[in-house]
$ cat entry-v5.cif   # mmCIF, C-alpha atoms and all ligand atoms
data_upload
#
loop_
_atom_site.label_atom_id
_atom_site.label_comp_id
_atom_site.auth_asym_id
_atom_site.auth_seq_id
_atom_site.Cartn_x
_atom_site.Cartn_y
_atom_site.Cartn_z
CA MET A 760 115.68 115.57 106.71
CA SER A 761 112.57 113.39 106.37
CA CYS A 762 109.23 115.09 106.03
CA ARG A 763 108.20 113.77 109.46
CA ASN A 764 111.21 115.38 111.16
CA ALA A 765 110.69 118.74 109.46
CA PRO A 766 109.69 121.59 111.78
CA CYS A 767 105.95 121.82 112.23
CA GLU A 768 104.29 124.61 110.25
CA CYS A 769 102.38 125.82 113.28
CA ALA A 770 104.06 127.68 116.12
CA CYS A 771 104.31 124.67 118.48
CA GLY A 772 108.10 124.38 118.16
CA GLU A 773 107.86 120.57 117.62
CA ASN A 774 108.62 118.51 114.53
CA ARG A 775 105.70 117.32 112.42
CA MET A 776 105.67 113.79 113.77
CA THR A 777 105.61 114.91 117.40
CA HIS A 778 102.93 117.45 116.57
CA ASN A 779 100.80 114.78 114.84
CA GLN A 780 101.19 112.39 117.75
CA THR A 781 100.13 115.14 120.13
CA ALA A 782 97.14 116.01 117.92
CA ARG A 783 96.15 112.35 117.69
CA HIS A 784 96.43 111.99 121.41
CA GLU A 785 94.08 114.93 121.90
CA LEU A 786 91.44 113.31 119.68
CA GLN A 787 91.82 110.02 121.56
CA GLU A 788 91.36 111.85 124.85
CA LEU A 789 88.34 113.61 123.42
CA VAL A 790 86.52 110.41 122.34
CA GLU A 791 87.29 108.82 125.71
CA ASP A 792 85.99 111.89 127.50
CA LEU A 793 82.78 111.91 125.42
CA HIS A 794 82.29 108.22 126.08
CA GLN A 795 82.69 108.77 129.80
CA ARG A 796 80.35 111.75 129.74
CA TYR A 797 77.45 110.01 127.95
CA VAL A 798 77.76 106.40 129.08
CA GLY A 799 75.44 107.31 131.98
CA LEU A 800 72.71 108.59 129.63
CA THR A 801 70.19 105.76 129.65
CA GLU A 802 67.14 107.50 128.17
CA GLY A 803 65.46 105.99 125.11
CA GLU A 804 64.30 102.55 124.04
CA VAL A 805 65.83 99.74 121.99
CA ALA A 806 63.83 99.14 118.77
CA THR A 807 61.67 96.03 118.97
CA TYR A 808 59.44 96.20 115.87
CA ILE A 809 62.04 94.01 114.15
CA PRO A 810 61.96 91.18 116.73
CA GLU A 811 65.64 90.24 116.36
CA LEU A 812 66.74 93.78 117.33
CA ARG A 813 65.33 93.16 120.83
CA SER A 814 68.40 91.15 121.70
CA ALA A 815 70.74 94.19 121.42
CA ASN A 816 72.55 95.03 124.65
CA PRO A 817 71.28 98.54 125.55
CA GLU A 818 74.51 99.26 127.44
CA HIS A 819 76.73 99.00 124.36
CA PHE A 820 78.25 102.36 123.47
CA GLY A 821 81.01 103.14 121.01
CA ILE A 822 82.42 106.35 119.52
CA CYS A 823 84.89 106.26 116.65
CA LEU A 824 86.55 108.97 114.54
CA VAL A 825 88.45 108.32 111.31
CA THR A 826 90.31 111.28 109.83
CA ALA A 827 90.75 111.96 106.11
CA ASP A 828 94.41 110.99 106.48
CA GLY A 829 93.50 107.62 108.00
CA GLY A 830 93.90 108.26 111.76
CA VAL A 831 91.52 106.15 113.91
CA PHE A 832 90.38 107.16 117.42
CA ALA A 833 88.01 104.81 119.22
CA ALA A 834 86.40 104.57 122.64
CA GLY A 835 84.00 101.94 124.03
CA ASP A 836 82.30 99.17 122.05
CA CYS A 837 83.64 99.97 118.58
CA ASP A 838 84.08 96.32 117.50
CA GLN A 839 80.62 95.12 118.51
CA PRO A 840 78.66 93.94 115.41
CA PHE A 841 75.15 95.28 114.76
CA THR A 842 73.04 95.72 111.63
CA ILE A 843 73.46 98.85 109.57
CA GLN A 844 69.69 99.44 109.00
CA SER A 845 68.97 102.93 107.63
CA VAL A 846 72.63 104.01 107.69
CA SER A 847 72.77 101.98 104.44
CA LYS A 848 70.38 104.42 102.73
CA PRO A 849 72.80 107.18 101.63
CA PHE A 850 75.15 104.52 100.27
CA THR A 851 72.50 102.76 98.15
CA PHE A 852 71.28 106.20 97.01
CA GLY A 853 74.81 107.01 95.78
CA LEU A 854 75.06 103.61 94.16
CA ALA A 855 71.72 104.05 92.35
CA ILE A 856 72.90 107.42 91.00
CA GLU A 857 76.02 105.72 89.64
CA GLU A 858 74.26 102.63 88.29
CA ALA A 859 70.86 103.92 87.07
CA GLY A 860 71.82 107.55 86.36
CA ARG A 861 70.99 110.74 88.21
CA ASP A 862 68.01 111.66 85.99
CA LYS A 863 66.33 108.30 86.52
CA VAL A 864 66.82 108.45 90.30
CA PHE A 865 65.32 111.96 90.57
CA GLN A 866 62.37 110.98 88.37
CA GLN A 867 61.46 108.43 91.03
CA VAL A 868 62.35 110.15 94.32
CA GLY A 869 62.45 113.74 95.65
CA VAL A 870 64.98 115.56 97.83
CA GLU A 871 62.58 117.28 100.22
CA PRO A 872 62.53 116.58 103.98
CA SER A 873 59.19 114.95 104.79
CA GLY A 874 58.89 116.18 108.38
CA ASP A 875 57.26 112.82 109.08
CA ALA A 876 58.39 109.52 110.58
CA PHE A 877 60.81 107.33 108.62
CA ASN A 878 58.15 104.67 108.01
CA ALA A 879 55.27 107.00 107.06
CA ILE A 880 52.99 105.64 104.34
CA GLU A 881 52.84 108.77 102.21
CA LEU A 882 54.01 110.18 98.89
CA GLN A 883 54.68 113.78 97.85
CA PRO A 884 51.45 115.53 96.82
CA GLY A 885 51.48 116.35 93.12
CA THR A 886 54.41 114.19 92.04
CA ASN A 887 53.40 111.00 93.90
CA ARG A 888 57.10 110.34 94.51
CA PRO A 889 58.57 109.53 97.94
CA PHE A 890 59.75 112.74 99.63
CA ASN A 891 63.41 111.68 99.75
CA PRO A 892 65.65 108.58 99.64
CA MET A 893 66.26 108.55 103.42
CA VAL A 894 62.70 107.61 104.44
CA ASN A 895 61.68 103.98 103.91
CA SER A 896 59.49 104.66 100.83
CA GLY A 897 62.34 106.50 99.08
CA ALA A 898 64.96 103.95 100.10
CA ILE A 899 62.84 101.04 98.81
CA THR A 900 62.40 102.96 95.51
CA VAL A 901 66.17 103.45 95.22
CA THR A 902 66.91 99.80 96.02
CA ALA A 903 64.30 98.74 93.44
CA LEU A 904 66.21 100.78 90.83
CA LEU A 905 69.36 98.82 91.69
CA HIS A 906 67.35 95.61 91.36
CA ALA A 907 65.92 96.73 88.02
CA VAL A 908 69.45 97.32 86.68
CA HIS A 909 71.28 94.35 88.22
CA GLY A 910 68.60 91.79 89.19
CA ASP A 911 69.81 89.15 91.62
CA ALA A 912 73.41 90.44 91.33
CA ALA A 913 72.41 93.72 93.03
CA MET A 914 73.11 92.46 96.57
CA ASP A 915 76.68 91.51 95.64
CA LEU A 916 77.15 94.98 94.19
CA ILE A 917 75.81 96.63 97.37
CA LEU A 918 78.07 94.45 99.53
CA ASP A 919 81.09 95.09 97.29
CA ARG A 920 80.77 98.85 97.43
CA LEU A 921 79.90 99.16 101.12
CA SER A 922 82.82 96.80 101.86
CA LEU A 923 85.19 99.06 99.92
CA ALA A 924 83.98 101.99 102.01
CA ALA A 925 84.40 100.00 105.27
CA GLY A 926 87.78 98.55 104.29
CA ARG A 927 86.80 94.95 105.05
CA ARG A 928 84.40 92.34 103.66
CA LEU A 929 80.90 92.91 105.06
CA THR A 930 78.21 90.20 105.26
CA VAL A 931 74.46 89.99 105.94
CA ASP A 932 73.20 89.01 109.41
CA ALA A 933 70.84 86.20 108.43
CA GLY A 934 68.89 86.32 111.72
CA VAL A 935 68.00 90.01 111.46
CA TYR A 936 67.24 89.69 107.72
CA GLU A 937 64.83 86.78 108.33
CA SER A 938 63.26 88.61 111.25
CA GLU A 939 62.47 91.73 109.21
CA ARG A 940 61.42 89.71 106.15
CA ARG A 941 58.90 87.85 108.30
CA THR A 942 57.46 90.89 110.08
CA GLY A 943 58.01 93.85 107.71
CA HIS A 944 54.34 94.24 106.79
CA ARG A 945 54.50 98.02 106.79
CA ASN A 946 57.42 98.07 104.35
CA ARG A 947 55.58 95.47 102.24
CA ALA A 948 52.56 97.81 102.13
CA ILE A 949 54.87 100.69 101.11
CA ALA A 950 56.44 98.57 98.34
CA HIS A 951 53.00 97.75 96.94
CA LEU A 952 51.92 101.40 97.14
CA LEU A 953 55.06 102.25 95.14
CA LEU A 954 54.18 99.51 92.64
CA ASN A 955 50.70 100.97 92.29
CA PHE A 956 52.22 104.35 91.33
CA GLY A 957 54.76 102.79 88.96
CA LEU A 958 57.68 103.86 91.15
CA VAL A 959 59.06 100.36 91.46
CA HIS A 960 59.17 97.71 88.74
CA GLU A 961 57.03 94.56 88.67
CA ALA A 962 59.50 92.64 90.82
CA ALA A 963 58.50 94.72 93.87
CA GLU A 964 58.75 91.73 96.26
CA ALA A 965 62.29 90.92 95.09
CA ALA A 966 63.26 94.59 95.50
CA LEU A 967 61.79 94.60 99.02
CA ASP A 968 63.78 91.48 99.83
CA LEU A 969 66.92 93.23 98.62
CA TYR A 970 66.07 96.20 100.87
CA PHE A 971 65.69 93.88 103.90
CA GLN A 972 69.10 92.33 103.13
CA GLN A 973 70.70 95.75 102.71
CA CYS A 974 69.39 96.82 106.14
CA ALA A 975 70.73 93.59 107.73
CA ILE A 976 74.37 94.12 106.68
CA SER A 977 76.48 93.59 109.78
CA VAL A 978 78.88 96.41 110.72
CA THR A 979 80.78 97.76 113.70
CA CYS A 980 81.10 101.35 114.90
CA ARG A 981 84.67 101.31 113.51
CA ASP A 982 83.32 100.20 110.09
CA LEU A 983 80.75 103.00 110.07
CA ALA A 984 83.35 105.63 111.00
CA THR A 985 85.52 104.42 108.11
CA MET A 986 82.52 104.52 105.75
CA ALA A 987 81.75 108.07 106.93
CA ALA A 988 85.42 109.02 106.43
CA THR A 989 85.22 107.60 102.89
CA LEU A 990 82.42 110.08 102.19
CA GLY A 991 84.43 112.84 103.88
CA ASN A 992 87.41 111.89 101.71
CA ILE A 993 85.27 112.34 98.54
CA GLY A 994 84.66 108.63 97.94
CA THR A 995 88.09 107.12 98.68
CA ASN A 996 88.63 105.03 101.81
CA PRO A 997 91.37 106.98 103.64
CA ILE A 998 92.85 103.85 105.25
CA THR A 999 93.04 101.51 102.22
CA GLY A 1000 93.31 104.25 99.56
CA LYS A 1001 90.68 102.39 97.48
CA GLY A 1002 87.88 104.27 95.70
CA ALA A 1003 84.33 103.27 96.72
CA PHE A 1004 82.12 106.06 95.35
CA ASP A 1005 82.30 108.67 92.63
CA ILE A 1006 82.96 112.28 93.68
CA HIS A 1007 79.68 113.51 92.14
CA SER A 1008 77.50 110.96 93.88
CA VAL A 1009 79.27 111.71 97.18
CA LYS A 1010 78.13 115.33 96.86
CA ASP A 1011 74.52 114.14 96.44
CA MET A 1012 74.86 111.67 99.31
CA LEU A 1013 76.15 114.32 101.73
CA SER A 1014 73.54 116.85 100.62
CA ILE A 1015 70.66 114.48 101.29
CA MET A 1016 72.18 113.46 104.63
CA PHE A 1017 72.38 117.13 105.61
CA THR A 1018 68.71 117.85 104.87
CA CYS A 1019 66.99 114.50 105.51
CA GLY A 1020 69.36 112.09 107.32
CA MET A 1021 67.90 112.36 110.82
CA TYR A 1022 64.23 112.05 109.81
CA ASP A 1023 61.83 114.44 111.54
CA TYR A 1024 64.76 115.70 113.66
CA SER A 1025 66.73 116.72 110.54
CA GLY A 1026 66.04 120.45 110.90
CA GLN A 1027 67.00 120.49 114.56
CA TRP A 1028 70.09 118.37 113.84
CA ALA A 1029 71.23 120.73 111.05
CA PHE A 1030 70.73 123.68 113.38
CA ARG A 1031 72.33 122.14 116.44
CA VAL A 1032 75.00 119.77 115.07
CA GLY A 1033 75.49 121.12 111.54
CA MET A 1034 76.99 117.99 109.93
CA PRO A 1035 75.54 115.68 107.26
CA ALA A 1036 74.48 112.57 109.17
CA LYS A 1037 72.45 109.36 109.07
CA SER A 1038 70.99 107.19 111.78
CA GLY A 1039 69.61 103.65 111.91
CA VAL A 1040 67.15 101.88 114.23
CA SER A 1041 69.75 99.46 115.53
CA GLY A 1042 71.53 102.45 117.11
CA GLY A 1043 74.21 103.53 114.64
CA VAL A 1044 74.81 107.16 113.64
CA ILE A 1045 77.31 108.48 111.10
CA ALA A 1046 78.31 112.12 110.58
CA VAL A 1047 80.74 113.62 108.09
CA VAL A 1048 82.97 116.69 108.03
CA ASN A 1049 83.79 117.36 104.40
CA ARG A 1050 87.46 116.62 103.56
CA GLN A 1051 88.28 116.12 107.24
CA LEU A 1052 86.53 113.50 109.27
CA GLY A 1053 84.14 110.55 109.55
CA ILE A 1054 82.33 110.05 112.85
CA ALA A 1055 80.30 107.06 114.04
CA THR A 1056 78.54 106.25 117.26
CA TYR A 1057 76.77 103.08 118.33
CA SER A 1058 74.25 102.93 121.17
CA PRO A 1059 70.93 101.08 120.72
CA ARG A 1060 68.63 103.21 122.87
CA LEU A 1061 66.59 105.46 120.55
CA ASP A 1062 64.58 108.64 120.96
CA ALA A 1063 61.07 109.11 119.59
CA HIS A 1064 62.42 109.96 116.11
CA GLY A 1065 64.35 106.66 115.88
CA ASN A 1066 67.75 108.33 116.41
CA SER A 1067 70.27 107.01 118.95
CA ARG A 1068 69.90 109.07 122.12
CA ARG A 1069 73.56 108.92 123.17
CA GLY A 1070 74.67 109.25 119.54
CA THR A 1071 72.83 112.54 119.14
CA GLU A 1072 74.31 114.03 122.30
CA ALA A 1073 77.85 112.78 121.61
CA CYS A 1074 77.80 114.18 118.03
CA ALA A 1075 76.40 117.52 119.21
CA GLU A 1076 79.13 117.90 121.80
CA LEU A 1077 81.85 116.78 119.39
CA ALA A 1078 80.67 119.36 116.85
CA SER A 1079 80.66 122.06 119.48
CA ARG A 1080 84.08 121.21 120.98
CA LEU A 1081 85.88 120.86 117.64
CA GLY A 1082 83.97 123.60 115.77
CA LEU A 1083 82.65 121.08 113.22
CA HIS A 1084 79.25 122.70 112.56
CA ALA A 1085 79.21 123.75 108.89
CA PHE A 1086 78.71 127.39 109.93
CA ASP A 1087 80.87 127.48 113.03
CA CYS A 1088 83.42 130.30 112.96
CA LEU A 1089 86.14 127.66 113.57
CA ASN A 1090 85.13 125.74 110.43
CA VAL A 1091 86.99 127.41 107.57
CA GLY A 1092 85.11 125.43 104.87
CA SER A 1093 86.48 125.33 101.33
CA SER A 1094 89.86 126.94 100.67
CA PHE A 1095 89.22 126.88 96.90
CA LEU A 1096 88.15 130.50 96.63
CA SER A 1097 90.93 131.85 98.81
CA GLY A 1098 93.40 130.08 96.48
CA LEU A 1099 92.08 132.20 93.61
CA LEU A 1100 92.27 135.53 95.42
O1 LIG A 1201 62.88 99.53 107.13
C1 LIG A 1201 63.02 99.57 108.34
O2 LIG A 1201 62.10 99.87 109.09
C2 LIG A 1201 64.39 99.24 108.91
N1 LIG A 1201 64.98 98.15 108.19
C3 LIG A 1201 65.29 100.43 108.84
C4 LIG A 1201 64.69 101.66 109.49
C5 LIG A 1201 65.68 102.56 110.14
O3 LIG A 1201 66.80 102.22 110.41
C6 LIG A 1201 65.16 103.88 110.55
N2 LIG A 1201 66.11 104.54 111.40
N3 LIG A 1201 66.06 105.23 112.29
#

$ encode --input "entry-v5.cif" --output "structure tokens"
Amino acid sequence: MSCRNAPCECACGENRMTHNQTARHELQELVEDLHQRYVGLTEGEVATYIPELRSANPEHFGICLVTADGGVFAAGDCDQPFTIQSVSKPFTFGLAIEEAGRDKVFQQVGVEPSGDAFNAIELQPGTNRPFNPMVNSGAITVTALLHAVHGDAAMDLILDRLSLAAGRRLTVDAGVYESERRTGHRNRAIAHLLLNFGLVHEAAEAALDLYFQQCAISVTCRDLATMAATLGNIGTNPITGKGAFDIHSVKDMLSIMFTCGMYDYSGQWAFRVGMPAKSGVSGGVIAVVNRQLGIATYSPRLDAHGNSRRGTEACAELASRLGLHAFDCLNVGSSFLSGLL
């Protein structure tokens, strides 16, 4: 008897394949239901401070789940390209840990939520480091470390690794990159503040350029869900089976997403949704359930914190309906200890 035809281990009375198909069907129904429920939520504003982002269609809305065994469940606009923006930050943080070393990264950037806006021009009192690698100052510091190690080859490295996580070759959206490069005066000021404090190397302008390119990588909601599932699957893309990130850096990436990923809404998000997550100004959100699931939503209308309005509500409801909050009684967490008892 093949494994798929074996009786299911639960009490459903079906074989494993039928059970899995039923379970998959339930997740598909769930994403479609969530899409239907929140498609009418039109609060929030599309980001315009990067001029090219103005052209996003505010009606676009996608929800995608990728499970740690490679199942994909999608509803709405999951194949619509948009730029990754700040959702790139945990990935470049993980990459910097792997390429520059953990000690070096934590000399330059903290792990404390700032409680301030993502583009605040501020450093941690006392240490003069950026508060964390999820706010712009910390992300530019991290990207500068990658530039210091790899120079002009750093962008290829970023694209290679994010592409492994997404399971397809990603590219930079030249229009959005040029648009932010031309108008990103605030980030330029932050880069020069970092240079003043010796937190980025002399090639601060080149590092800033690399940061603008990183933010302009073009993705879809389906890509982001696969990237989130790669983190959930401890660094290995669950669809291609290819490794993208080291298990130790994944732990750091998820930890920083849990405490700092949703900017000055991070505390409320941890309380309400309870999953490590990251948002971007173009409207993408990723969330991760360790060893189980990657979630992504795309909807360009943002709240005052810069988080997708529909994305926040859809993730909160998904967490509640599936018991995904880290401390939900339905979430059994690690089975490691019970294996020892
Ligand atoms: O640096 C910036 O301002 C943008 N390239 C990225 C900011 C961002 O995505 C913040 N997210 N909510």

$ residues_near_ligand --input "entry-v5.cif" --ligand "ligand LIG 1201 (chain A)" --cutoff "10 Å" --atoms "all atoms listed in the file" --output "PDB file with C-alpha atoms, in the coordinates of the input"
ATOM      1  CA  ALA A 806      63.830  99.140 118.770  1.00  0.00           C
ATOM      2  CA  TYR A 808      59.440  96.200 115.870  1.00  0.00           C
ATOM      3  CA  ILE A 809      62.040  94.010 114.150  1.00  0.00           C
ATOM      4  CA  THR A 842      73.040  95.720 111.630  1.00  0.00           C
ATOM      5  CA  ILE A 843      73.460  98.850 109.570  1.00  0.00           C
ATOM      6  CA  GLN A 844      69.690  99.440 109.000  1.00  0.00           C
ATOM      7  CA  SER A 845      68.970 102.930 107.630  1.00  0.00           C
ATOM      8  CA  VAL A 846      72.630 104.010 107.690  1.00  0.00           C
ATOM      9  CA  SER A 847      72.770 101.980 104.440  1.00  0.00           C
ATOM     10  CA  LYS A 848      70.380 104.420 102.730  1.00  0.00           C
ATOM     11  CA  ALA A 876      58.390 109.520 110.580  1.00  0.00           C
ATOM     12  CA  PHE A 877      60.810 107.330 108.620  1.00  0.00           C
ATOM     13  CA  ASN A 878      58.150 104.670 108.010  1.00  0.00           C
ATOM     14  CA  MET A 893      66.260 108.550 103.420  1.00  0.00           C
ATOM     15  CA  VAL A 894      62.700 107.610 104.440  1.00  0.00           C
ATOM     16  CA  ASN A 895      61.680 103.980 103.910  1.00  0.00           C
ATOM     17  CA  SER A 896      59.490 104.660 100.830  1.00  0.00           C
ATOM     18  CA  ALA A 898      64.960 103.950 100.100  1.00  0.00           C
ATOM     19  CA  ILE A 899      62.840 101.040  98.810  1.00  0.00           C
ATOM     20  CA  VAL A 935      68.000  90.010 111.460  1.00  0.00           C
ATOM     21  CA  TYR A 936      67.240  89.690 107.720  1.00  0.00           C
ATOM     22  CA  GLU A 939      62.470  91.730 109.210  1.00  0.00           C
ATOM     23  CA  ARG A 940      61.420  89.710 106.150  1.00  0.00           C
ATOM     24  CA  GLY A 943      58.010  93.850 107.710  1.00  0.00           C
ATOM     25  CA  HIS A 944      54.340  94.240 106.790  1.00  0.00           C
ATOM     26  CA  ARG A 945      54.500  98.020 106.790  1.00  0.00           C
ATOM     27  CA  ASN A 946      57.420  98.070 104.350  1.00  0.00           C
ATOM     28  CA  ARG A 947      55.580  95.470 102.240  1.00  0.00           C
ATOM     29  CA  LEU A 967      61.790  94.600  99.020  1.00  0.00           C
ATOM     30  CA  TYR A 970      66.070  96.200 100.870  1.00  0.00           C
ATOM     31  CA  PHE A 971      65.690  93.880 103.900  1.00  0.00           C
ATOM     32  CA  GLN A 972      69.100  92.330 103.130  1.00  0.00           C
ATOM     33  CA  GLN A 973      70.700  95.750 102.710  1.00  0.00           C
ATOM     34  CA  CYS A 974      69.390  96.820 106.140  1.00  0.00           C
ATOM     35  CA  ALA A 975      70.730  93.590 107.730  1.00  0.00           C
ATOM     36  CA  GLY A1020      69.360 112.090 107.320  1.00  0.00           C
ATOM     37  CA  MET A1021      67.900 112.360 110.820  1.00  0.00           C
ATOM     38  CA  TYR A1022      64.230 112.050 109.810  1.00  0.00           C
ATOM     39  CA  LYS A1037      72.450 109.360 109.070  1.00  0.00           C
ATOM     40  CA  SER A1038      70.990 107.190 111.780  1.00  0.00           C
ATOM     41  CA  GLY A1039      69.610 103.650 111.910  1.00  0.00           C
ATOM     42  CA  VAL A1040      67.150 101.880 114.230  1.00  0.00           C
ATOM     43  CA  SER A1041      69.750  99.460 115.530  1.00  0.00           C
ATOM     44  CA  GLY A1042      71.530 102.450 117.110  1.00  0.00           C
ATOM     45  CA  GLY A1043      74.210 103.530 114.640  1.00  0.00           C
ATOM     46  CA  VAL A1044      74.810 107.160 113.640  1.00  0.00           C
ATOM     47  CA  LEU A1061      66.590 105.460 120.550  1.00  0.00           C
ATOM     48  CA  ASP A1062      64.580 108.640 120.960  1.00  0.00           C
ATOM     49  CA  ALA A1063      61.070 109.110 119.590  1.00  0.00           C
ATOM     50  CA  HIS A1064      62.420 109.960 116.110  1.00  0.00           C
ATOM     51  CA  GLY A1065      64.350 106.660 115.880  1.00  0.00           C
ATOM     52  CA  ASN A1066      67.750 108.330 116.410  1.00  0.00           C
ATOM     53  CA  SER A1067      70.270 107.010 118.950  1.00  0.00           C
TER      54      SER A1067
END

$ closest_residue --input "entry-v5.cif" --among "A:Ala1029, A:Leu882, A:Ala988, A:Leu929" --to "Leu824 in chain A" --atoms "only C-alpha atoms"
A:Ala988

$ axis_aligned_box --input "entry-v5.cif" --around "range 785-802 of chain A" --padding-each-side "8 Å" --output "AutoDock Vina command-line options"
--center_x 80.6 --center_y 110.3 --center_z 125.8 --size_x 42.9 --size_y 25.2 --size_z 28.3

$ closest_atom_pairs --input "entry-v5.cif" --of "range 940-1015 of chain A" --to "range 920-923 of chain A" --cutoff "8 Å" --atoms "only C-alpha atoms" --output "JSON lines"
{"residue": "A:Met986", "atom": "CA", "partner": "A:Leu921", "partner_atom": "CA", "distance": 7.6}
{"residue": "A:Asn996", "atom": "CA", "partner": "A:Leu923", "partner_atom": "CA", "distance": 7.1}
{"residue": "A:Lys1001", "atom": "CA", "partner": "A:Leu923", "partner_atom": "CA", "distance": 6.9}
{"residue": "A:Gly1002", "atom": "CA", "partner": "A:Leu923", "partner_atom": "CA", "distance": 7.2}
{"residue": "A:Ala1003", "atom": "CA", "partner": "A:Leu923", "partner_atom": "CA", "distance": 5.4}
{"residue": "A:Phe1004", "atom": "CA", "partner": "A:Arg920", "partner_atom": "CA", "distance": 7.6}

$ atom_distance --input "entry-v5.cif" --atom1 "CA of Asp875 in chain A" --atom2 "CA of Leu969 in chain A"
24.2 Å

$ residues_around --input "entry-v5.cif" --residues "Ala965 in chain A" --least-positions-apart "3" --cutoff "10 Å" --atoms "only C-alpha atoms" --output "list in words"
Ala903, His906, Ala907, Gly910, Asp911, His960, Glu961, Ala962, Asp968, Leu969, Tyr970 and Phe971 of chain A

$ closest_residue --input "entry-v5.cif" --among "A:Leu952, A:Ala815, A:Ala1085, A:Leu1096" --to "Val1032 in chain A" --atoms "only C-alpha atoms"
A:Ala1085

$ closest_residue --input "entry-v5.cif" --among "A:Leu958, A:Ala834, A:Leu1100, A:Cys980" --to "Thr886 in chain A" --atoms "only C-alpha atoms"
A:Leu958

$ residues_around --input "entry-v5.cif" --residues "Leu786 in chain A" --least-positions-apart "2" --cutoff "12 Å" --atoms "only C-alpha atoms" --output "list in words"
Asn779, Gln780, Thr781, Ala782, Arg783, His784, Glu788, Leu789, Val790, Glu791, Asp792, Leu793, Ile822, Cys823, Leu824, Val825, Thr826, Gly830, Val831, Phe832, Ala833, Ala834, Leu1052, Ile1054, Leu1077, Arg1080 and Leu1081 of chain A

$ residues_around --input "entry-v5.cif" --residues "Gly1033 in chain A" --least-positions-apart "3" --cutoff "9 Å" --atoms "only C-alpha atoms" --output "CSV table (one decimal) with C-alpha atoms, keeping the file's coordinate frame"
chain,number,residue,atom,x,y,z
A,1017,PHE,CA,72.4,117.1,105.6
A,1028,TRP,CA,70.1,118.4,113.8
A,1029,ALA,CA,71.2,120.7,111.0
A,1030,PHE,CA,70.7,123.7,113.4
A,1036,ALA,CA,74.5,112.6,109.2
A,1075,ALA,CA,76.4,117.5,119.2
A,1078,ALA,CA,80.7,119.4,116.8
A,1083,LEU,CA,82.6,121.1,113.2
A,1084,HIS,CA,79.2,122.7,112.6
A,1085,ALA,CA,79.2,123.8,108.9
A,1086,PHE,CA,78.7,127.4,109.9
A,1087,ASP,CA,80.9,127.5,113.0

$ closest_residue --input "entry-v5.cif" --among "A:Val868, A:Thr979, A:Asp1011, A:Glu858" --to "Ile993 in chain A" --atoms "all atoms listed in the file"
A:Asp1011

$ residues_around --input "entry-v5.cif" --residues "Arg1069 in chain A" --least-positions-apart "4" --cutoff "8 Å" --atoms "only C-alpha atoms" --output "compact mmCIF listing (two decimals) with C-alpha atoms, in the coordinates of the input"
# COMPACT_ATOMS: atom_id res chain seq x y z
CA TYR A 797 77.45 110.01 127.95
CA VAL A 798 77.76 106.40 129.08
CA LEU A 800 72.71 108.59 129.63
CA THR A 801 70.19 105.76 129.65
CA SER A 1058 74.25 102.93 121.17
CA ARG A 1060 68.63 103.21 122.87
CA ALA A 1073 77.85 112.78 121.61

$ atom_distance --input "entry-v5.cif" --atom1 "CA of Pro817 in chain A" --atom2 "CA of Pro1059 in chain A"
5.5 Å
